[in-house]
Each structure stands twice: as C-alpha cells, then as structure tokens.
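Engineer: Data: final-v2.cif, mmCIF, C-alpha atoms.
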data_structure
loop_
_atom_site.label_atom_id
_atom_site.label_comp_id
_atom_site.auth_asym_id
_atom_site.auth_seq_id
_atom_site.Cartn_x
_atom_site.Cartn_y
_atom_site.Cartn_z
CA MET I 27 0.00 0.00 0.00
CA GLY I 28 1.36 3.41 -0.88
CA VAL I 29 2.10 6.08 1.63
CA PRO I 30 -0.97 8.29 1.93
CA LEU I 31 -0.34 11.63 0.32
CA GLY I 32 -2.21 14.88 0.11
CA PHE I 33 -2.39 16.99 -2.97
CA GLU I 34 0.58 16.80 -5.28
CA GLY I 35 1.79 20.24 -4.33
CA GLU I 36 1.76 19.36 -0.66
CA ALA I 37 3.72 16.13 -0.86
CA THR I 38 7.35 16.52 0.05
CA ASP I 39 10.02 14.84 -2.03
CA ALA I 40 10.65 12.41 0.82
CA GLU I 41 6.98 11.43 0.96
CA VAL I 42 6.85 10.84 -2.77
CA VAL I 43 10.09 8.85 -2.76
CA ARG I 44 8.81 6.59 0.02
CA ALA I 45 5.51 6.11 -1.77
CA VAL I 46 7.31 5.08 -4.96
CA LEU I 47 9.57 2.72 -3.05
CA ALA I 48 6.50 1.21 -1.44
CA GLY I 49 5.20 0.33 -4.89
CA ASP I 50 3.22 3.37 -6.02
CA VAL I 51 5.19 3.79 -9.26
CA GLU I 52 2.76 6.36 -10.72
CA ARG I 53 3.71 8.78 -7.94
CA TYR I 54 7.07 9.18 -9.61
CA ALA I 55 5.35 11.48 -12.12
CA VAL I 56 5.16 14.07 -9.33
CA LEU I 57 8.94 14.20 -9.16
CA VAL I 58 9.24 14.22 -12.95
CA ARG I 59 6.94 17.25 -13.19
CA ARG I 60 8.69 18.94 -10.30
CA TYR I 61 12.24 18.66 -11.65
CA ARG I 62 12.11 18.23 -15.42
CA ASP I 63 12.38 21.93 -16.18
CA ARG I 64 14.23 22.97 -13.06
CA TYR I 65 17.44 21.37 -14.32
CA ALA I 66 16.81 21.89 -18.03
CA ARG I 67 18.74 25.15 -18.19
CA TYR I 68 21.77 23.67 -16.45
CA ALA I 69 21.83 20.67 -18.80
CA SER I 70 21.26 22.84 -21.85
CA ARG I 71 24.14 25.15 -21.03
CA MET I 72 26.42 22.30 -20.06
CA LEU I 73 25.71 20.35 -23.23
CA GLY I 74 25.14 23.24 -25.62
CA SER I 75 21.98 21.80 -27.09
CA ARG I 76 18.42 21.62 -25.85
CA ASP I 77 17.79 18.32 -27.63
CA VAL I 78 20.83 16.66 -26.09
CA ALA I 79 19.89 18.21 -22.74
CA GLU I 80 16.41 16.74 -23.00
CA ASP I 81 17.87 13.27 -23.50
CA ALA I 82 20.13 13.81 -20.52
CA VAL I 83 17.29 14.95 -18.25
CA GLN I 84 15.17 12.00 -19.37
CA ASP I 85 17.97 9.51 -18.74
CA ALA I 86 18.72 11.05 -15.36
CA LEU I 87 15.09 10.79 -14.26
CA VAL I 88 14.86 7.15 -15.35
CA ARG I 89 18.19 6.31 -13.72
CA ALA I 90 17.09 8.01 -10.52
CA PHE I 91 14.01 5.80 -10.48
CA ASP I 92 16.10 2.67 -11.02
CA ARG I 93 18.36 3.61 -8.11
CA LEU I 94 15.77 5.17 -5.85
CA ALA I 95 16.46 2.61 -3.14
CA ASP I 96 20.00 4.02 -2.97
CA CYS I 97 18.76 7.54 -2.25
CA ARG I 98 20.13 7.94 1.25
CA GLU I 99 18.25 11.08 2.09
CA PRO I 100 14.86 11.20 0.35
CA ASP I 101 14.28 14.73 1.60
CA LYS I 102 17.30 15.73 -0.47
CA PHE I 103 16.09 14.05 -3.65
CA ALA I 104 16.62 17.25 -5.65
CA GLY I 105 20.34 17.35 -4.89
CA TRP I 106 20.69 13.64 -5.48
CA LEU I 107 18.95 13.92 -8.86
CA PHE I 108 21.19 16.85 -9.74
CA LEU I 109 24.27 14.68 -9.14
CA ILE I 110 22.88 12.01 -11.45
CA LEU I 111 22.18 14.59 -14.14
CA ARG I 112 25.60 16.15 -13.64
CA ASN I 113 27.31 12.79 -14.10
CA ARG I 114 25.19 12.21 -17.18
CA CYS I 115 26.23 15.58 -18.66
CA TYR I 116 29.91 14.89 -18.04
CA ALA I 117 29.57 11.41 -19.56
CA GLU I 118 27.87 12.86 -22.62
CA ARG I 119 30.67 15.37 -23.10
CA ARG I 120 33.27 12.61 -22.86
CA ARG I 121 31.31 10.45 -25.29
CA ARG I 122 31.11 13.31 -27.79
CA GLN I 123 34.81 14.01 -27.46
CA ARG I 124 35.66 10.37 -28.15
CA GLN I 125 33.47 10.46 -31.23
CA GLU I 126 34.91 13.83 -32.21
CA ARG I 127 31.41 15.25 -32.42
CA PRO I 128 31.65 18.53 -30.62
CA LEU I 129 28.41 19.84 -29.29
CA ASP I 130 27.40 22.97 -31.07
CA SER I 131 25.18 25.62 -29.67
CA THR I 132 23.30 26.24 -32.86
CA ASP I 133 19.88 24.82 -32.20
CA GLU I 134 16.78 26.80 -31.56
CA MET I 135 17.46 26.96 -27.85
CA PHE I 136 19.66 29.91 -28.51
CA ALA I 137 17.58 31.55 -31.17
CA ALA I 138 17.01 34.95 -29.68
CA PRO I 139 13.55 36.45 -29.83
CA ASP I 140 13.05 39.59 -31.81
CA ARG I 141 14.48 42.50 -29.93
CA PRO I 142 14.45 46.22 -30.53
CA ASP I 143 17.20 47.38 -32.86
CA GLY I 144 19.24 48.79 -30.01
CA ALA I 145 19.48 45.34 -28.42
CA TYR I 146 21.13 43.69 -31.42
CA GLU I 147 24.56 43.85 -29.85
CA GLN I 148 23.26 42.23 -26.69
CA VAL I 149 21.75 39.37 -28.67
CA GLU I 150 24.99 38.86 -30.55
CA ARG I 151 26.92 38.95 -27.30
CA ALA I 152 24.62 36.37 -25.76
CA HIS I 153 25.14 34.06 -28.74
CA ALA I 154 28.89 34.60 -28.54
CA LEU I 155 28.87 33.72 -24.85
CA GLU I 156 26.91 30.51 -25.49
CA ARG I 157 29.44 29.51 -28.11
CA ALA I 158 32.39 30.50 -25.95
CA LEU I 159 31.09 28.44 -23.02
CA GLN I 160 31.51 25.32 -25.11
CA HIS I 161 35.23 26.04 -25.38
CA LEU I 162 35.78 26.06 -21.62
CA THR I 163 36.70 22.92 -19.73
CA PRO I 164 33.61 21.16 -18.35
CA GLU I 165 34.58 22.20 -14.82
CA GLN I 166 34.99 25.85 -15.80
CA ARG I 167 31.74 25.79 -17.75
CA GLU I 168 29.87 24.24 -14.85
CA VAL I 169 30.95 26.80 -12.30
CA PHE I 170 30.08 29.65 -14.70
CA VAL I 171 26.67 28.16 -15.46
CA LEU I 172 25.85 27.53 -11.80
CA LYS I 173 26.98 30.96 -10.65
CA HIS I 174 25.96 33.29 -13.44
CA MET I 175 23.00 31.45 -14.95
CA GLU I 176 21.57 29.49 -12.03
CA GLY I 177 22.42 32.23 -9.55
CA LEU I 178 24.10 30.02 -6.93
CA ALA I 179 26.68 31.32 -4.48
CA TYR I 180 30.10 29.68 -4.34
CA GLU I 181 29.16 27.98 -1.08
CA GLU I 182 26.05 26.48 -2.68
CA ILE I 183 28.05 25.31 -5.69
CA ALA I 184 30.54 23.70 -3.34
CA GLY I 185 27.63 21.92 -1.67
CA VAL I 186 26.34 20.36 -4.87
CA THR I 187 29.64 19.62 -6.59
CA GLY I 188 31.81 18.62 -3.64
CA ALA I 189 34.58 21.04 -4.68
CA THR I 190 36.04 23.59 -2.28
CA VAL I 191 35.17 27.26 -2.60
CA ALA I 192 38.83 28.08 -3.24
CA SER I 193 39.09 25.65 -6.16
CA LEU I 194 35.77 26.86 -7.57
CA LYS I 195 37.02 30.45 -7.53
CA MET I 196 40.21 29.39 -9.26
CA ARG I 197 38.21 27.67 -12.01
CA MET I 198 35.93 30.65 -12.36
CA HIS I 199 38.75 33.16 -12.59
CA ARG I 200 40.40 31.12 -15.32
CA ALA I 201 37.04 30.94 -17.06
CA TYR I 202 36.72 34.75 -16.94
CA ASP I 203 40.09 35.14 -18.67
CA ARG I 204 39.32 32.48 -21.27
CA LEU I 205 35.91 34.00 -22.01
CA ARG I 206 37.45 37.43 -22.36
CA GLU I 207 39.80 36.05 -24.97
CA LEU I 208 37.05 34.15 -26.80
CA MET I 209 34.65 37.09 -26.79
CA LYS I 210 37.05 39.90 -27.55
CA GLU I 211 35.11 40.82 -30.70
CA HIS I 212 31.90 41.28 -28.73
CA LEU I 213 32.96 43.22 -25.63
CA MET E 20 46.17 37.62 -26.74
CA MET E 21 44.21 39.82 -24.38
CA ALA E 22 45.48 40.34 -20.87
CA SER E 23 43.85 38.59 -17.98
CA TYR E 24 41.29 40.48 -15.96
CA HIS E 25 42.72 42.30 -12.97
CA PRO E 26 42.09 40.41 -9.69
CA LEU E 27 39.88 43.25 -8.50
CA VAL E 28 37.77 42.95 -11.64
CA LYS E 29 37.38 39.24 -11.01
CA ARG E 30 36.17 40.06 -7.51
CA LEU E 31 33.71 42.46 -9.13
CA LEU E 32 32.38 39.61 -11.28
CA ASP E 33 32.18 37.40 -8.20
CA GLY E 34 29.99 40.04 -6.56
CA GLU E 35 32.50 40.79 -3.82
CA VAL E 36 33.07 44.43 -4.74
CA SER E 37 31.02 46.96 -6.67
CA LEU E 38 32.02 48.86 -9.79
CA ALA E 39 32.17 52.07 -7.78
CA GLU E 40 34.79 50.51 -5.51
CA LEU E 41 37.22 49.90 -8.36
CA PRO E 42 39.99 52.46 -8.87
CA PRO E 43 39.47 54.81 -11.84
CA GLU E 44 42.02 52.99 -13.99
CA LEU E 45 40.00 49.75 -13.71
CA GLN E 46 36.57 51.26 -14.38
CA ALA E 47 36.61 50.55 -18.12
CA GLU E 48 37.85 47.00 -17.62
CA GLY E 49 35.18 46.46 -14.98
CA GLU E 50 32.44 47.68 -17.30
CA GLU E 51 33.67 45.38 -20.05
CA ALA E 52 33.72 42.42 -17.66
CA LEU E 53 30.18 43.19 -16.53
CA ARG E 54 29.05 43.18 -20.16
CA LEU E 55 30.54 39.70 -20.46
CA VAL E 56 28.64 38.13 -17.56
CA GLY E 57 25.61 40.26 -18.39
CA ALA E 58 25.34 38.32 -21.64
CA ALA E 59 24.51 35.15 -19.71
CA ASP E 60 21.05 34.02 -20.76
CA ARG E 61 19.05 33.24 -17.62
CA ALA E 62 15.79 32.54 -19.41
CA PRO E 63 14.16 29.25 -18.44
CA VAL E 64 14.57 26.36 -20.86
CA ALA E 65 11.39 24.41 -21.42
CA LEU E 66 11.67 20.80 -22.49
CA SER E 67 9.21 18.90 -24.61
CA PRO E 68 5.83 18.23 -22.97
CA ALA E 69 6.23 14.61 -24.08
CA LEU E 70 9.23 14.10 -21.81
CA GLU E 71 7.11 13.23 -18.79
CA GLU E 72 5.27 10.47 -20.64
CA ARG E 73 8.52 9.09 -22.03
CA VAL E 74 10.02 8.94 -18.56
CA MET E 75 6.93 7.32 -17.06
CA THR E 76 6.76 4.78 -19.88
CA ALA E 77 10.35 3.76 -19.17
CA VAL E 78 9.72 3.77 -15.42
CA ARG E 79 6.67 1.51 -15.74
CA SER E 80 8.63 -0.83 -17.99
CA HIS E 81 11.55 -0.98 -15.55
CA ALA E 82 9.23 -1.46 -12.59
CA ALA E 83 7.53 -4.35 -14.35
CA SER E 84 10.73 -6.20 -15.27
CA PRO E 85 11.16 -9.40 -13.22
CA GLY E 86 14.67 -8.52 -12.09
CA ASN E 87 13.64 -5.08 -10.92
CA ARG E 88 10.56 -6.41 -9.18
CA ALA E 89 12.64 -9.02 -7.37
CA TRP E 90 15.18 -6.43 -6.31
CA ARG E 91 12.50 -4.09 -5.00
CA TRP E 92 10.79 -6.95 -3.23
CA LEU E 93 14.04 -7.86 -1.50
CA ASN E 94 14.86 -4.26 -0.74
CA THR E 95 11.54 -2.97 0.55
CA PRO E 96 10.91 -3.34 4.26
CA ARG E 97 7.41 -4.37 5.15
CA GLU E 98 5.40 -5.05 8.26
CA VAL E 99 4.12 -8.59 8.55
CA GLU E 100 1.24 -9.53 10.81
CA LEU E 101 1.19 -13.18 11.90
CA ARG E 102 -1.92 -14.77 13.35
CA LEU E 103 -1.19 -18.10 14.97
CA ARG E 104 -3.55 -20.53 16.67
CA VAL E 105 -1.38 -22.47 19.13
CA ARG E 106 -1.68 -24.67 22.15
CA PRO E 107 0.24 -23.29 25.16
CA TRP E 108 2.52 -26.30 25.46
CA THR E 109 3.77 -25.81 21.90
CA VAL E 110 4.88 -22.26 22.76
CA TRP E 111 6.99 -23.51 25.63
CA ALA E 112 8.43 -26.32 23.55
CA GLY E 113 9.29 -23.88 20.78
CA ALA E 114 10.92 -21.46 23.20
CA LEU E 115 13.04 -24.24 24.69
CA ALA E 116 14.11 -25.40 21.22
CA ALA E 117 15.02 -21.83 20.23
CA ALA E 118 17.03 -21.36 23.41
CA ALA E 119 18.89 -24.61 22.78
CA GLY E 120 19.61 -23.58 19.19
CA LEU E 121 20.86 -20.16 20.24
CA ALA E 122 23.16 -21.71 22.84
CA LEU E 123 24.61 -24.01 20.21
CA LEU E 124 25.23 -21.08 17.88
CA LEU E 125 26.95 -19.01 20.54
CA VAL E 126 29.15 -21.90 21.60
CA GLY E 127 30.09 -22.67 18.01
CA ARG E 128 30.78 -19.05 17.03
CA PRO E 129 32.21 -16.85 19.77
CA ALA E 130 31.72 -13.13 19.29
CA SER E 131 34.82 -11.06 18.66
CA GLY E 132 35.76 -8.13 20.85
CA PRO E 133 34.73 -4.58 20.21
CA GLY E 134 36.35 -2.63 17.42
CA PRO E 135 35.51 -1.04 14.13
CA GLY E 136 33.60 -3.20 11.75
CA SER E 137 30.65 -5.51 11.60
CA GLU E 138 30.10 -9.16 12.33
CA ALA E 139 27.32 -11.62 11.75
CA ARG E 140 25.62 -14.24 13.88
CA GLY E 141 22.93 -16.76 13.18
CA GLY E 142 19.37 -15.61 12.78
CA THR E 143 16.41 -17.19 11.09
CA ARG E 144 16.65 -19.05 7.81
CA ASP E 145 15.90 -15.87 5.85
CA SER E 146 17.73 -13.36 7.99
CA VAL E 147 20.98 -13.17 9.89
CA PHE E 148 21.90 -11.08 12.89
CA VAL E 149 24.61 -8.65 11.90
CA ARG E 150 26.43 -6.67 14.54
CA PHE E 151 27.52 -3.18 13.50
CA VAL E 152 30.37 -1.61 15.42
CA LEU E 153 31.91 1.82 15.00
CA TYR E 154 34.64 3.50 17.00
CA ALA E 155 33.51 7.10 17.17
CA PRO E 156 34.85 8.84 20.27
CA GLY E 157 33.18 12.18 20.84
CA ALA E 158 30.06 11.32 18.86
CA ARG E 159 26.76 12.26 20.47
CA ARG E 160 24.77 9.73 18.49
CA VAL E 161 25.45 7.14 15.82
CA ALA E 162 23.08 5.23 13.58
CA VAL E 163 23.44 2.85 10.69
CA ALA E 164 21.44 3.46 7.52
CA GLY E 165 21.39 1.38 4.40
CA THR E 166 19.41 -0.32 1.73
CA PHE E 167 17.87 -2.55 4.43
CA ASN E 168 16.12 0.40 6.11
CA GLN E 169 15.64 2.75 3.15
CA TRP E 170 18.60 4.85 4.31
CA ASP E 171 16.56 6.05 7.25
CA ARG E 172 19.01 7.87 9.51
CA SER E 173 16.97 7.27 12.64
CA ALA E 174 15.77 3.71 12.15
CA ALA E 175 18.78 1.90 13.60
CA PRO E 176 20.62 3.79 16.33
CA LEU E 177 23.80 2.36 17.81
CA VAL E 178 24.33 2.43 21.56
CA PRO E 179 27.60 3.34 23.24
CA ALA E 180 29.49 0.47 24.82
CA GLY E 181 30.58 2.21 28.00
CA THR E 182 32.81 5.24 27.63
CA SER E 183 35.32 3.71 25.24
CA GLY E 184 33.95 5.46 22.16
CA VAL E 185 32.68 2.18 20.70
CA TRP E 186 29.11 2.17 19.40
CA THR E 187 27.27 -0.98 18.51
CA THR E 188 23.95 -2.45 17.47
CA THR E 189 22.73 -5.76 16.10
CA LEU E 190 20.21 -5.97 13.29
CA ALA E 191 18.47 -8.89 11.63
CA LEU E 192 19.18 -8.47 7.92
CA PRO E 193 17.57 -10.47 5.14
CA VAL E 194 19.77 -12.65 3.01
CA GLY E 195 21.28 -10.64 0.19
CA GLN E 196 23.81 -7.91 -0.39
CA HIS E 197 23.31 -4.66 1.49
CA GLN E 198 24.94 -1.26 1.22
CA TYR E 199 25.15 0.90 4.29
CA ALA E 200 26.96 3.71 6.07
CA PHE E 201 27.08 5.06 9.59
CA VAL E 202 25.51 8.42 10.39
CA VAL E 203 27.34 10.31 13.10
CA ASP E 204 25.47 13.05 14.95
CA GLY E 205 22.64 12.87 12.46
CA ALA E 206 24.53 14.46 9.63
CA ARG E 207 27.99 13.01 8.93
CA TRP E 208 28.09 9.87 6.78
CA VAL E 209 30.94 7.53 7.62
CA VAL E 210 31.82 4.34 5.77
CA ASP E 211 32.60 1.27 7.82
CA PRO E 212 36.41 1.20 8.02
CA ALA E 213 36.36 -2.59 8.39
CA ALA E 214 34.15 -3.35 5.40
CA PRO E 215 34.65 -3.11 1.65
CA ALA E 216 33.15 -0.04 0.05
CA VAL E 217 31.75 0.70 -3.37
CA ASP E 218 31.15 3.92 -5.21
CA ASP E 219 27.45 4.74 -5.12
CA GLY E 220 27.74 6.34 -8.55
CA PHE E 221 27.27 9.84 -7.20
CA GLY E 222 30.68 10.51 -5.72
CA ARG E 223 30.16 8.89 -2.34
CA ARG E 224 31.17 5.53 -0.88
CA ASN E 225 28.92 2.91 0.65
CA SER E 226 30.05 -0.03 2.74
CA VAL E 227 28.89 -3.45 1.64
CA VAL E 228 27.89 -6.54 3.58
CA ALA E 229 26.78 -9.76 1.88
CA VAL E 230 24.40 -11.77 4.05
CA THR E 231 24.06 -15.47 3.31
CA ALA E 232 22.21 -18.16 5.21
CA GLN E 233 25.58 -19.08 6.73
CA GLY E 234 26.32 -15.57 8.00
CA ALA E 235 27.61 -12.26 6.74
CA GLN E 236 30.66 -11.69 4.61
CA LEU E 237 32.47 -8.39 4.61
#
Give the structure from this file in structure tokens form.

Structural biologist:
Amino acid sequence: MGVPLGFEGEATDAEVVRAVLAGDVERYAVLVRRYRDRYARYASRMLGSRDVAEDAVQDALVRAFDRLADCREPDKFAGWLFLILRNRCYAERRRRQRQERPLDSTDEMFAAPDRPDGAYEQVERAHALERALQHLTPEQREVFVLKHMEGLAYEEIAGVTGATVASLKMRMHRAYDRLRELMKEHL
Amino acid sequence: MMASYHPLVKRLLDGEVSLAELPPELQAEGEEALRLVGAADRAPVALSPALEERVMTAVRSHAASPGNRAWRWLNTPREVELRLRVRPWTVWAGALAAAAGLALLLVGRPASGPGPGSEARGGTRDSVFVRFVLYAPGARRVAVAGTFNQWDRSAAPLVPAGTSGVWTTTLALPVGQHQYAFVVDGARWVVDPAAPAVDDGFGRRNSVVAVTAQGAQL
C-alpha cells in the first residue's frame, strides 16, 4: 500500500520517494513534473543543445528511479537527482569528445527572440557567450553556469559539486580570462 | 592575446566588490567584464511536454521487469502480521528449542571483541543477525542506515558500549547484499572502516555486507 499523500503540491520529495519505493510507481510522475524543467537550463548550457539536454534529463530521471532505493536522504532528492544529471552531462561530453562530435550551440534553444534594434549587440553577445562556453573545460563551464546562470553562491556550488570554494574560484577566474579572450570581438 | 582580468575585476564579477569601488584605472575593464557576464542568458529552458510520458513509460517498464521487481521486493521493508492458533505447550516447547539452538550457535561461534567493523551471527533461515560496530569517540549519536532500512538515519541507532567510544547495534538483515553507512550526529556519513566499500555512482562511498544463510561476509 502506498504512503498516503495529500495533494501533489503538498507532498514533500521524501513522501513521494517513500511512496514510490513502497510500490506506487505512478507517484514518480510528481517528481518528474517537479524537476524536469528545473534542471533543463543547467543541462542545456552544459551540453550546448536543448535536444541533447532533453535526452540527458530524461535519462537522469529514469536512472534516478532505477536507483531510488539508494537515495540515502529522500528529503534531499533534488540534490541527489542533480548529481545524477551532472554525471550524465559529463559522460555525454566525454562520449562526444571520443566520437569527435563537438556539441554545437546552434539549435533553436539559442535563437534569440526579436528584440528592438538597439538590443542587437546584446543578442549577438549572448550568442557569442553561449558559443564561448563550449570552449571552456567542463569544470569551468559548470561553475560559470551555476553561478551566473543558475544564480548560486560559491558555497552552494561547493555543496552540490563537492569542490572547495577556493578551487571553484580558481576555475571561475580562469574561465573569466578564457571568455574574455574568446569574446574579444563582442565586448 | 588579451590580458587577464585584474584580480579586482574578477572580484567584481564574483559580486565581492562593486564597480564604484574599483579604482578609476580599472573602471573601463570592470564595465567590459560586466558586459561579459551580463550576456549570460538566464531565461528558463522548457523541455518537450512529451518528456514526462517518455520517462513514465520507461519507469513503468523498468518497474515491471522481473529482475527489478525481485530487487525491489528484497529491498523494501514491510510489516508482517502473523496470526497463529497455538496450544500453550507448543509455545513452551518452541521457546526451549530456540534457546537450545541459540546456545549451540553461541558456543560454536564466539563473538569477537569490540572494534571497528561488523560481524554476523545466526538468525532465522531468511535473515541473519549482523552486529555493527563503529569507533567514534566524541560522537553524540550514531546510527546505521542502508538499503535494508531505506537509508533512514533514525531507524537503527547504535548504543555506546561504556565510555570507550565504541558504538554498537545488532540488526536482523535479510539474506542478500546490502549497502550501508554510519551516520554520526545525524549528519555526517561515515563508511565502515572494516568493510569493503563501493562507489554509489554519485561521488560517495557505501560499505557493503553480503548476508548469506551461513552468516555475513564483509
């Protein structure tokens, strides 16, 4: 018998996880709806393509279900799922590198909406940044995405990645210099 | 090649200083750097509406596979209610037989002394008593959490053995392989130093104990 739950919005992650583990597989849809888009931006920026990111998010959600019994702290499901997705993104980058198929940020994810004429430079700069991000190391790209796109503080990034704040700052500062070089035509 | 950003400009990008706090000679560089990070697109990315159904289709398929069902069945704790109709003399006879069996087990397999690690003793046919031991001087509380109790940090507390810093508890674990870790003071996860450990796939280590009908193997 599943764990009794209230409305979907009221159920905590831990309650849903325990219900799924108790056999109520359909409850997993609550977690899918809750997190599918939350991590989409991270995956998209890390992989440089919304389509590839969608595959990664899908695989991460299925893998999380398969290993749900290993989720030590069900109330921290979000962080646990993020680690699965993060590993998946890194694995995808490595796979692409082996196949010499660099990910290219050219799909519609980055197609900028129509902007007033005065904003043309900003749009171009945004495109240039998306392209430049793909030339950083995965670690540099991740810290830039988490800080400047997801809005996390260094301490929060350290919490989800396991790296120290000092090493994160070092990566970020190298990323700033590399991005400056890559974007010199647009600054 | 362009020069690196000045350390103060990097601190500006990190949000540790404001543009106004930069010296005049770094103002232009600071403005340029702010244009760089200002180009970061923070708009939400929406994935296909069909993603949820694809995930749930895969999830239902995995849940229905025999191997997965067996694993979940083995891994899911459940409460079992037994209703027995017995004659009183059979209860006493059963208790005496159990006591005799336990005595035989203890004579045949002396317990080792305290120390880090885990050990196993006989249990029922389907479960084995496994003793968990952790040396954690200074800890206020210790528990063991694993696949056998859904990683519940409060389900299996250890008790201190005197004031020596040794904590211990004995659990009846079903036959099978279990992953576990100790939880010190409710927050710190500690692998069993006396047991093999495996990567949990997410950057952490879990200890492993394999329980067979003959006992536990570390």

Engineer: Just checking: using all atoms listed in the file, which residue out of I:Leu162, I:Met175, I:Val149, I:Val169 ends up closest to Asp203 (chain I)?

Structural biologist: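 Ranked by minimum distance to Asp203 (chain I), first place goes to I:Leu162.
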
Engineer: Using all atoms listed in the file, I'd like every residue of chain E that has an atom within 7 Å of chain I; please write them out as a ChimeraX atom specification.

Structural biologist: /E:20-21,23-24,29,51,54-56,58-61,63-66,70-71,74-75,77-78,95,166,169-170,221

Engineer: Measure the distance from CA of Asp39 (chain I) to CA of Asp101 (chain I) in Å and round it to one decimal.

Structural biologist: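 Here the two named atoms are 5.6 Å from each other.
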
Engineer: Could you write out as a VMD selection string the residues that the PyMOL selection byres ((chain I and resi 118) around 10) matches in the shown file?

Structural biologist: chain I and resid 72 to 73 78 to 79 82 112 to 117 119 to 124 129

Engineer: Please write the residues from the selection above to a file, keeping C-alpha atoms, as a tab-separated table (two decimals), in the frame of the given file.

Structural biologist:
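Here's the written file part.tsv:
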chain	number	residue	atom	x	y	z
I	72	MET	CA	26.42	22.30	-20.06
I	73	LEU	CA	25.71	20.35	-23.23
I	78	VAL	CA	20.83	16.66	-26.09
I	79	ALA	CA	19.89	18.21	-22.74
I	82	ALA	CA	20.13	13.81	-20.52
I	112	ARG	CA	25.60	16.15	-13.64
I	113	ASN	CA	27.31	12.79	-14.10
I	114	ARG	CA	25.19	12.21	-17.18
I	115	CYS	CA	26.23	15.58	-18.66
I	116	TYR	CA	29.91	14.89	-18.04
I	117	ALA	CA	29.57	11.41	-19.56
I	119	ARG	CA	30.67	15.37	-23.10
I	120	ARG	CA	33.27	12.61	-22.86
I	121	ARG	CA	31.31	10.45	-25.29
I	122	ARG	CA	31.11	13.31	-27.79
I	123	GLN	CA	34.81	14.01	-27.46
I	124	ARG	CA	35.66	10.37	-28.15
I	129	LEU	CA	28.41	19.84	-29.29

Engineer: Determine the nearest neighbour of Ser37 (chain E) from the options E:Ala213, E:Ala116, E:Ala191, E:Leu53, counting only C-alpha atoms.

Structural biologist: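 The answer is E:Leu53, which sits nearest to Ser37 (chain E).
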
Engineer: Could you name the residues that touch Pro215 (chain E) at 12 Å or less, counting all atoms listed in the file, but leaving out those on the same chain fewer than 2 positions away, as a PDB file with C-alpha atoms, in the frame of the given file?

Structural biologist:
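This is the output file part.pdb:
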ATOM      1  CA  GLY E 136      33.600  -3.200  11.750  1.00  0.00           C
ATOM      2  CA  SER E 137      30.650  -5.510  11.600  1.00  0.00           C
ATOM      3  CA  HIS E 197      23.310  -4.660   1.490  1.00  0.00           C
ATOM      4  CA  GLN E 198      24.940  -1.260   1.220  1.00  0.00           C
ATOM      5  CA  TYR E 199      25.150   0.900   4.290  1.00  0.00           C
ATOM      6  CA  ALA E 200      26.960   3.710   6.070  1.00  0.00           C
ATOM      7  CA  VAL E 210      31.820   4.340   5.770  1.00  0.00           C
ATOM      8  CA  ASP E 211      32.600   1.270   7.820  1.00  0.00           C
ATOM      9  CA  PRO E 212      36.410   1.200   8.020  1.00  0.00           C
ATOM     10  CA  ALA E 213      36.360  -2.590   8.390  1.00  0.00           C
ATOM     11  CA  VAL E 217      31.750   0.700  -3.370  1.00  0.00           C
ATOM     12  CA  ASP E 218      31.150   3.920  -5.210  1.00  0.00           C
ATOM     13  CA  ARG E 224      31.170   5.530  -0.880  1.00  0.00           C
ATOM     14  CA  ASN E 225      28.920   2.910   0.650  1.00  0.00           C
ATOM     15  CA  SER E 226      30.050  -0.030   2.740  1.00  0.00           C
ATOM     16  CA  VAL E 227      28.890  -3.450   1.640  1.00  0.00           C
ATOM     17  CA  VAL E 228      27.890  -6.540   3.580  1.00  0.00           C
ATOM     18  CA  ALA E 229      26.780  -9.760   1.880  1.00  0.00           C
ATOM     19  CA  GLN E 236      30.660 -11.690   4.610  1.00  0.00           C
ATOM     20  CA  LEU E 237      32.470  -8.390   4.610  1.00  0.00           C
TER      21      LEU E 237
END

Engineer: Suppose you want the space between CA of Trp208 (chain E) and CA of Pro193 (chain E); what is it in Å?

Structural biologist: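 Straight-line distance from CA of Trp208 (chain E) to CA of Pro193 (chain E) works out to 23.0 Å.
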
Engineer: What separation in Å, quoted to one decimal, exists between CA of Leu153 (chain E) and CA of Leu177 (chain E)?

Structural biologist: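 Between these atoms lies a distance of 8.6 Å.
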
Engineer: For Leu190 (chain E), work out the shell of residues within 7 Å, counting all atoms listed in the file and skipping chain neighbours fewer than 6 positions away, then give it as a list of chain:residue names.

Structural biologist: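 Answer for this query is E:Phe148, E:Val149, E:Arg150.
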